[in-house]
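Undergrad: I have a structure here, written as structure tokens, and I will follow up with some questions on it.
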Amino acid sequence: MTAQGFAMPAPGREVAGEQAQPREEELPEEEPLGDDALVDLGAWQKQLAISAALEDLDTELVGIAPVKTRVREIAALLLVDKLRARFGLEASRPTLHMCFTGSPGTGKTTVALRMAEILRGLGYLRQGHLVSVTRDDLVGEYVGHTAPKTKAVLRRAMGGVLLIDEAYYLYRADSERDYGQEAIEILLQVMEAQRDDLVVVLAGYRDRMDSFFTSNPGMASRIAHHIDFPDFTLDELVRIADLMVAQESHRFSPEARQAFREYMALRMAQPRFANARSVRNAIDRMRLRQANRLVAAGALVGRDDLIRLEPVDIRPSRVFG
Amino acid sequence: MRVTQGTFSFLPDLTDEEITAQLQYAIDAGWAVAVEFTDDPHPRNNLWEMWGLPMFDIADAAAGLGEIRACRAAYPHRYVRVSAYDSSYGRQTTALSFIVHRPPDEPGFRLDRQEASDRRVRYTLSPYATREPHGQRYGEPRG
């Protein structure tokens, strides 16, 4: 027996799993405007709660200036389109499917998450959640398995953003019997017929994505926005590290920051470098060594010792070897 | 005779917009929405056939409406209903259930009176449609 007994549970209860967005108050009714009306764009933008998402994008993500500019442009276009509709001007619903290209760890998923919030704020998405999938989630293992699988994923993503990571794996040019093509066809159909219900974002490496679009012209023509994510510079990586460390209530000592900088410079040149993800992994390993250092010393430990990361936590890395 | 069952049995049939609003209510409450169909709508028949698995992981009503439309298209001569199951501990029951599609022609039910001992009468309802075999009721074409 729960606390509420047998009473009808109210809606809005926490839904487990998926990043469910808290339901805010309904948007105010948008009355049509007269020919000579004036609208305060700034205030309206605030009202639609997209300013907050755009600010999050700025503060949360270091660098990737061209991406931020593009997201702002798209948000501005959608905002103006909405305003045009209120003046009774022609404003068809634009195609919102996007393609994010860039190396791993350059913030594609995070930007997709913010994009979903912005689109929800503007009323282009009803729920604004993000469903992130790869080929395995869409393509089946035997005949007749793919369609239900892909449809189930699409059902889950309805009202939100479907992010397909490394989308080019859907299409295998070398195998005629691959089921990926079937998934692509279902995707295309839904991207066209249910444009109001979900936004599809394809993500992956630039060059492979280009060849994917070459072999799937139908897909290319249905994607309106191509956004390229640049790699981070060394300075940006160190700033990201500072942010991540601060988030976990840790702090670099000045020498440790210098050591981390040297580490990153070396790591960037190595294979399988994954930008912000490599930073995250390096910090995790530093925390591991810090804990080990403290335990091994067995001495008195204060609050500051638990927070501070020292050069000895990063120097033993294989990268310096 | 118009068969009525479930949560909104006293109302006229819901429109697709109203169905969408109800589905969204159920999803927001954390209930799993399922689509079921049957050609035996006897009030005691609780076990309708399932149209796919219950949708445990959807966030938006559009997904549920899509399944309802697909089920209607596949079985235009049968009853289709939506049920929402509340799995929360202490409740664990169907929280919402309503008919979203009915056959074009509903002949209704026959009432049988059985004369029992001492002039007692036993009543039985049976749908006229169930005289036909399963799959051929309510004017469903053979196939």
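Identifiers in the structure tokens: chain A, B, ... in order shown; residue index from 1 per chain; ligand index from 1 in order shown.
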Quick one: DSSP helix (DSSP H, G or I) residues in region 71-154 of chain A, as a PyMOL selection string?
TA: chain A and resi 71-86+108-121+135-138+146-154
Undergrad: Pick out the residues sitting within 9 Å of region 23-37 of chain B, and hand them over as a PyMOL selection string; count only C-alpha atoms, and ignore anything fewer than 3 positions along from it in its own chain.
TA: (chain A and resi 9-16) or (chain B and resi 18-20+47-62+64-65+67-68+71-72+75+78-88+94-96+101)
Undergrad: Would you mind exporting N, CA and C atoms of the selected residues as a compact mmCIF listing (two decimals), in the first residue's frame?
TA:
```
# COMPACT_ATOMS: atom_id res chain seq x y z
N PRO A 9 -3.48 8.39 -8.95
CA PRO A 9 -2.22 9.11 -8.88
C PRO A 9 -2.26 10.28 -9.86
N ALA A 10 -1.67 11.38 -9.44
CA ALA A 10 -1.64 12.56 -10.32
C ALA A 10 -0.60 12.35 -11.41
N PRO A 11 -0.81 12.93 -12.58
CA PRO A 11 0.20 12.81 -13.63
C PRO A 11 1.43 13.63 -13.27
N GLY A 12 2.50 13.40 -14.04
CA GLY A 12 3.70 14.17 -13.81
C GLY A 12 4.65 13.47 -12.87
N ARG A 13 4.30 12.23 -12.51
CA ARG A 13 5.18 11.46 -11.65
C ARG A 13 6.46 11.17 -12.42
N GLU A 14 7.55 11.02 -11.70
CA GLU A 14 8.85 10.77 -12.32
C GLU A 14 8.79 9.50 -13.17
N VAL A 15 9.19 9.61 -14.42
CA VAL A 15 9.27 8.43 -15.27
C VAL A 15 10.73 7.98 -15.27
N ALA A 16 10.95 6.72 -14.96
CA ALA A 16 12.31 6.23 -14.84
C ALA A 16 12.99 6.16 -16.20
N GLU B 18 -8.80 13.55 -28.63
CA GLU B 18 -9.12 13.21 -27.25
C GLU B 18 -8.36 11.95 -26.81
N ILE B 19 -8.25 10.99 -27.75
CA ILE B 19 -7.49 9.78 -27.44
C ILE B 19 -6.04 10.15 -27.13
N THR B 20 -5.46 11.04 -27.96
CA THR B 20 -4.08 11.48 -27.75
C THR B 20 -3.92 12.10 -26.37
N LEU B 47 -9.90 -11.01 -21.74
CA LEU B 47 -8.65 -11.30 -22.41
C LEU B 47 -8.76 -11.03 -23.90
N TRP B 48 -8.51 -9.80 -24.28
CA TRP B 48 -8.48 -9.46 -25.69
C TRP B 48 -7.09 -9.77 -26.23
N GLU B 49 -7.01 -9.85 -27.58
CA GLU B 49 -5.70 -10.13 -28.16
C GLU B 49 -4.84 -8.88 -28.16
N MET B 50 -3.53 -9.06 -27.96
CA MET B 50 -2.65 -7.90 -27.85
C MET B 50 -2.10 -7.50 -29.21
N TRP B 51 -2.13 -6.21 -29.45
CA TRP B 51 -1.49 -5.66 -30.66
C TRP B 51 -0.07 -5.28 -30.26
N GLY B 52 0.87 -6.22 -30.43
CA GLY B 52 2.24 -5.97 -30.01
C GLY B 52 2.34 -5.95 -28.49
N LEU B 53 3.51 -5.65 -28.02
CA LEU B 53 3.75 -5.59 -26.58
C LEU B 53 3.22 -4.28 -26.01
N PRO B 54 2.94 -4.24 -24.71
CA PRO B 54 2.62 -2.94 -24.11
C PRO B 54 3.78 -1.97 -24.34
N MET B 55 3.47 -0.70 -24.51
CA MET B 55 4.53 0.28 -24.80
C MET B 55 5.06 0.84 -23.48
N PHE B 56 6.14 0.21 -23.01
CA PHE B 56 6.66 0.58 -21.70
C PHE B 56 7.50 1.84 -21.74
N ASP B 57 8.05 2.13 -22.91
CA ASP B 57 9.12 3.14 -22.92
C ASP B 57 8.81 4.35 -23.80
N ILE B 58 7.55 4.60 -24.10
CA ILE B 58 7.29 5.76 -24.94
C ILE B 58 7.13 7.02 -24.10
N ALA B 59 7.43 8.16 -24.69
CA ALA B 59 7.35 9.43 -23.97
C ALA B 59 6.23 10.29 -24.53
N ASP B 60 5.79 9.98 -25.75
CA ASP B 60 4.82 10.86 -26.40
C ASP B 60 3.64 10.05 -26.93
N ALA B 61 2.45 10.66 -26.86
CA ALA B 61 1.24 9.96 -27.26
C ALA B 61 1.19 9.65 -28.75
N ALA B 62 1.95 10.37 -29.55
CA ALA B 62 1.92 10.14 -30.99
C ALA B 62 2.29 8.69 -31.31
N GLY B 64 1.69 6.04 -29.44
CA GLY B 64 0.55 5.18 -29.14
C GLY B 64 -0.54 5.31 -30.18
N LEU B 65 -0.80 6.54 -30.62
CA LEU B 65 -1.83 6.75 -31.63
C LEU B 65 -1.46 6.05 -32.93
N GLU B 67 0.15 3.26 -33.22
CA GLU B 67 -0.18 1.83 -33.06
C GLU B 67 -1.69 1.60 -33.15
N ILE B 68 -2.47 2.52 -32.59
CA ILE B 68 -3.92 2.38 -32.67
C ILE B 68 -4.36 2.42 -34.13
N CYS B 71 -3.52 -0.78 -35.89
CA CYS B 71 -4.41 -1.86 -35.48
C CYS B 71 -5.78 -1.70 -36.13
N ARG B 72 -6.29 -0.48 -36.18
CA ARG B 72 -7.57 -0.23 -36.85
C ARG B 72 -7.50 -0.62 -38.32
N TYR B 75 -7.50 -4.47 -38.54
CA TYR B 75 -8.73 -5.12 -38.10
C TYR B 75 -9.91 -4.14 -38.07
N ARG B 78 -13.17 -5.28 -36.10
CA ARG B 78 -13.11 -5.74 -34.72
C ARG B 78 -13.10 -4.55 -33.76
N TYR B 79 -13.26 -4.86 -32.50
CA TYR B 79 -13.17 -3.82 -31.46
C TYR B 79 -11.70 -3.63 -31.11
N VAL B 80 -11.31 -2.38 -30.93
CA VAL B 80 -9.95 -2.07 -30.49
C VAL B 80 -10.05 -1.23 -29.23
N ARG B 81 -9.27 -1.58 -28.23
CA ARG B 81 -9.28 -0.77 -27.01
C ARG B 81 -7.85 -0.46 -26.58
N VAL B 82 -7.75 0.58 -25.77
CA VAL B 82 -6.48 0.96 -25.20
C VAL B 82 -6.57 0.68 -23.71
N SER B 83 -5.55 0.06 -23.14
CA SER B 83 -5.55 -0.03 -21.69
C SER B 83 -4.21 0.45 -21.16
N ALA B 84 -4.24 1.08 -20.02
CA ALA B 84 -3.03 1.62 -19.40
C ALA B 84 -2.85 0.94 -18.06
N TYR B 85 -1.72 0.29 -17.91
CA TYR B 85 -1.47 -0.49 -16.70
C TYR B 85 -0.58 0.28 -15.74
N ASP B 86 -1.02 0.41 -14.51
CA ASP B 86 -0.23 1.08 -13.48
C ASP B 86 0.52 0.02 -12.70
N SER B 87 1.84 -0.01 -12.87
CA SER B 87 2.63 -1.07 -12.23
C SER B 87 3.12 -0.66 -10.85
N SER B 88 2.74 0.53 -10.39
CA SER B 88 3.31 0.98 -9.11
C SER B 88 2.81 0.09 -7.97
N THR B 94 -5.09 -2.23 -14.05
CA THR B 94 -5.43 -1.41 -15.20
C THR B 94 -6.04 -0.12 -14.69
N ALA B 95 -5.39 0.99 -15.01
CA ALA B 95 -5.83 2.27 -14.47
C ALA B 95 -6.80 2.97 -15.41
N LEU B 96 -6.73 2.59 -16.69
CA LEU B 96 -7.51 3.29 -17.70
C LEU B 96 -7.73 2.31 -18.85
N HIS B 101 -12.07 1.86 -31.18
CA HIS B 101 -12.56 1.52 -32.53
C HIS B 101 -13.61 0.43 -32.39
```
Undergrad: Name all residues at most 12 Å from Phe10 (chain B) (count only C-alpha atoms; drop same-chain ones fewer than 5 positions away) and give them as a ChimeraX atom specification.
TA: /B:2-5,98-99
Undergrad: Show me, as an MDAnalysis selection string, the residues that have an atom within 12 Å of Ile50 (chain A) when counting only C-alpha atoms, minus same-chain residues fewer than 4 positions from it.
TA: chainID A and resid 41:46 54:57 71:72 74:76 78:79 114:123
Undergrad: Can I get the selected residues back with N, CA and C atoms, as a short mmCIF file (atom, residue, chain, number, x, y, z; two decimals), in the first residue's frame?
TA:
```
data_model
loop_
_atom_site.label_atom_id
_atom_site.label_comp_id
_atom_site.auth_asym_id
_atom_site.auth_seq_id
_atom_site.Cartn_x
_atom_site.Cartn_y
_atom_site.Cartn_z
N LEU A 41 11.12 40.97 -28.84
CA LEU A 41 11.71 39.65 -29.11
C LEU A 41 12.46 39.10 -27.90
N GLY A 42 13.19 39.98 -27.22
CA GLY A 42 13.99 39.54 -26.07
C GLY A 42 13.13 38.94 -24.99
N ALA A 43 12.03 39.66 -24.68
CA ALA A 43 11.14 39.18 -23.62
C ALA A 43 10.47 37.88 -24.02
N TRP A 44 10.10 37.83 -25.28
CA TRP A 44 9.41 36.63 -25.75
C TRP A 44 10.32 35.42 -25.68
N GLN A 45 11.59 35.67 -26.06
CA GLN A 45 12.58 34.59 -26.03
C GLN A 45 12.71 34.03 -24.61
N LYS A 46 12.70 34.95 -23.64
CA LYS A 46 12.80 34.52 -22.24
C LYS A 46 11.59 33.69 -21.85
N LEU A 54 20.21 28.26 -24.29
CA LEU A 54 21.33 28.81 -25.04
C LEU A 54 22.46 29.20 -24.10
N GLU A 55 22.11 29.73 -22.92
CA GLU A 55 23.14 30.09 -21.95
C GLU A 55 23.85 28.85 -21.43
N ASP A 56 23.07 27.81 -21.15
CA ASP A 56 23.66 26.53 -20.73
C ASP A 56 24.70 26.07 -21.73
N LEU A 57 24.34 26.21 -22.99
CA LEU A 57 25.22 25.78 -24.07
C LEU A 57 26.53 26.54 -23.99
N VAL A 71 23.84 26.88 -33.80
CA VAL A 71 22.68 26.58 -32.96
C VAL A 71 21.88 27.86 -32.72
N ARG A 72 22.60 28.97 -32.46
CA ARG A 72 21.92 30.25 -32.27
C ARG A 72 21.17 30.66 -33.52
N ILE A 74 19.96 28.73 -35.86
CA ILE A 74 18.77 27.89 -36.03
C ILE A 74 17.67 28.33 -35.07
N ALA A 75 18.06 28.59 -33.81
CA ALA A 75 17.08 29.02 -32.81
C ALA A 75 16.44 30.33 -33.23
N ALA A 76 17.27 31.25 -33.77
CA ALA A 76 16.74 32.56 -34.20
C ALA A 76 15.76 32.38 -35.34
N LEU A 78 13.94 29.80 -36.07
CA LEU A 78 12.70 29.19 -35.62
C LEU A 78 11.85 30.19 -34.85
N LEU A 79 12.53 31.04 -34.08
CA LEU A 79 11.82 32.05 -33.30
C LEU A 79 11.12 33.03 -34.23
N ARG A 114 20.82 19.89 -25.69
CA ARG A 114 20.41 21.30 -25.59
C ARG A 114 19.47 21.67 -26.74
N MET A 115 19.77 21.13 -27.91
CA MET A 115 18.94 21.40 -29.08
C MET A 115 17.51 20.93 -28.81
N ALA A 116 17.40 19.75 -28.19
CA ALA A 116 16.07 19.21 -27.86
C ALA A 116 15.33 20.17 -26.94
N GLU A 117 16.06 20.74 -25.97
CA GLU A 117 15.44 21.69 -25.04
C GLU A 117 14.97 22.93 -25.77
N ILE A 118 15.82 23.43 -26.67
CA ILE A 118 15.47 24.64 -27.42
C ILE A 118 14.23 24.39 -28.28
N LEU A 119 14.23 23.26 -28.98
CA LEU A 119 13.10 22.95 -29.86
C LEU A 119 11.82 22.78 -29.05
N ARG A 120 11.96 22.25 -27.86
CA ARG A 120 10.78 22.10 -27.02
C ARG A 120 10.28 23.46 -26.57
N GLY A 121 11.24 24.33 -26.19
CA GLY A 121 10.88 25.68 -25.77
C GLY A 121 10.14 26.42 -26.86
N LEU A 122 10.54 26.19 -28.11
CA LEU A 122 9.92 26.87 -29.23
C LEU A 122 8.64 26.18 -29.69
N GLY A 123 8.34 25.05 -29.09
CA GLY A 123 7.11 24.35 -29.44
C GLY A 123 7.23 23.46 -30.67
#
```
Undergrad: List the spatial neighbours of region 132-134 of chain A as a short mmCIF file (atom, residue, chain, number, x, y, z; two decimals) with C-alpha atoms, in the first residue's frame - criterion: any atom at most 10 Å away, only C-alpha atoms, same-chain residues fewer than 5 positions off excluded.
TA:
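Wrote it out as result-v8.cif, contents follow:
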```
data_model
loop_
_atom_site.label_atom_id
_atom_site.label_comp_id
_atom_site.auth_asym_id
_atom_site.auth_seq_id
_atom_site.Cartn_x
_atom_site.Cartn_y
_atom_site.Cartn_z
CA GLU A 18 15.49 8.30 -20.36
CA THR A 109 25.46 14.46 -27.67
CA ALA A 112 21.80 17.44 -29.20
CA LEU A 113 20.47 17.48 -25.65
CA VAL A 139 19.12 -3.24 -37.16
CA VAL A 153 13.03 2.87 -31.23
CA ALA A 157 11.77 8.83 -29.59
CA VAL A 161 15.14 13.90 -30.58
CA LEU A 162 16.51 10.63 -31.95
CA LEU A 163 20.30 10.73 -32.04
CA ILE A 164 21.81 8.03 -34.23
CA ASP A 165 25.46 7.74 -33.35
CA GLU A 166 27.81 6.65 -36.13
CA ALA A 167 24.89 6.55 -38.52
CA TYR A 168 27.04 5.42 -41.47
CA TYR A 169 27.23 1.91 -40.01
CA LEU A 170 23.57 1.57 -40.99
CA VAL A 201 20.04 13.81 -35.60
CA LEU A 202 22.74 11.76 -37.32
CA ALA A 203 26.18 11.90 -35.75
#
```
Undergrad: Find, counting only C-alpha atoms, the residue in B:Pro76, B:Pro141, B:Gly90, B:Pro127 that gets nearest to chain A.
TA: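 Result for the nearest residue to chain A: B:Gly90.
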Undergrad: Could you build a table of the residues in region 74-176 of chain A lying no more than 10 Å from region 62-69 of chain A, giving for each the nearest pair of atoms and their separation in Å rounded to one decimal place, using only C-alpha atoms, ordered by chain and ascending residue number, as a Markdown table?
TA:
```
| residue | atom | partner | partner_atom | distance |
| --- | --- | --- | --- | --- |
| A:Ile74 | CA | A:Thr69 | CA | 8.7 |
| A:Ala75 | CA | A:Thr69 | CA | 9.8 |
| A:Phe100 | CA | A:Val67 | CA | 9.4 |
| A:Thr106 | CA | A:Ile64 | CA | 8.0 |
| A:Gly107 | CA | A:Ile64 | CA | 8.5 |
| A:Lys108 | CA | A:Val67 | CA | 9.5 |
| A:Val111 | CA | A:Val67 | CA | 8.6 |
```
Undergrad: So that I can check the surroundings of Tyr171 (chain A), please list as a list in words every protein, DNA and RNA residue that reaches within 10 Å of it, counting only C-alpha atoms and ignoring chain neighbours fewer than 6 positions away.
TA: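 The neighbour list is Arg135, Asp178, Tyr179, Gly180, Gln181, Glu182, Ala183, Ile184, Phe212, Phe213, Ser215 and Asn216 of chain A.
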Undergrad: Hey, what's within 7 Å of Gly140 (chain A) if we count only C-alpha atoms and toss same-chain stuff fewer than 2 positions away? As a VMD selection string, please?
TA: chain A and resid 138 142 145 to 146 149 179
Undergrad: For the selection you just gave me, I'd like the residues written to a file as an mmCIF file, in the first residue's frame, keeping N, CA and C atoms.
TA:
```cif
data_model
loop_
_atom_site.group_PDB
_atom_site.id
_atom_site.type_symbol
_atom_site.label_atom_id
_atom_site.label_comp_id
_atom_site.auth_asym_id
_atom_site.auth_seq_id
_atom_site.Cartn_x
_atom_site.Cartn_y
_atom_site.Cartn_z
ATOM 1 N N LEU A 138 18.881 -0.470 -33.949
ATOM 2 C CA LEU A 138 17.946 -0.310 -35.065
ATOM 3 C C LEU A 138 17.885 -1.540 -35.957
ATOM 4 N N TYR A 142 18.049 -11.061 -37.972
ATOM 5 C CA TYR A 142 17.538 -11.994 -38.967
ATOM 6 C C TYR A 142 16.383 -11.346 -39.714
ATOM 7 N N HIS A 145 13.300 -8.988 -38.397
ATOM 8 C CA HIS A 145 13.621 -8.525 -37.056
ATOM 9 C C HIS A 145 13.840 -7.011 -37.030
ATOM 10 N N THR A 146 14.280 -6.485 -38.186
ATOM 11 C CA THR A 146 14.687 -5.078 -38.238
ATOM 12 C C THR A 146 13.520 -4.119 -38.084
ATOM 13 N N LYS A 149 12.112 -3.646 -34.626
ATOM 14 C CA LYS A 149 13.140 -3.045 -33.786
ATOM 15 C C LYS A 149 13.255 -1.548 -34.047
ATOM 16 N N TYR A 179 20.749 -5.865 -43.310
ATOM 17 C CA TYR A 179 19.416 -5.364 -42.960
ATOM 18 C C TYR A 179 19.401 -3.859 -42.692
#
```
Undergrad: Find the residue from A:Asp137, A:Asp197, A:Glu176, A:Glu236 that sits nearest to Gly160 (chain A); use only C-alpha atoms when measuring.
TA: A:Asp197
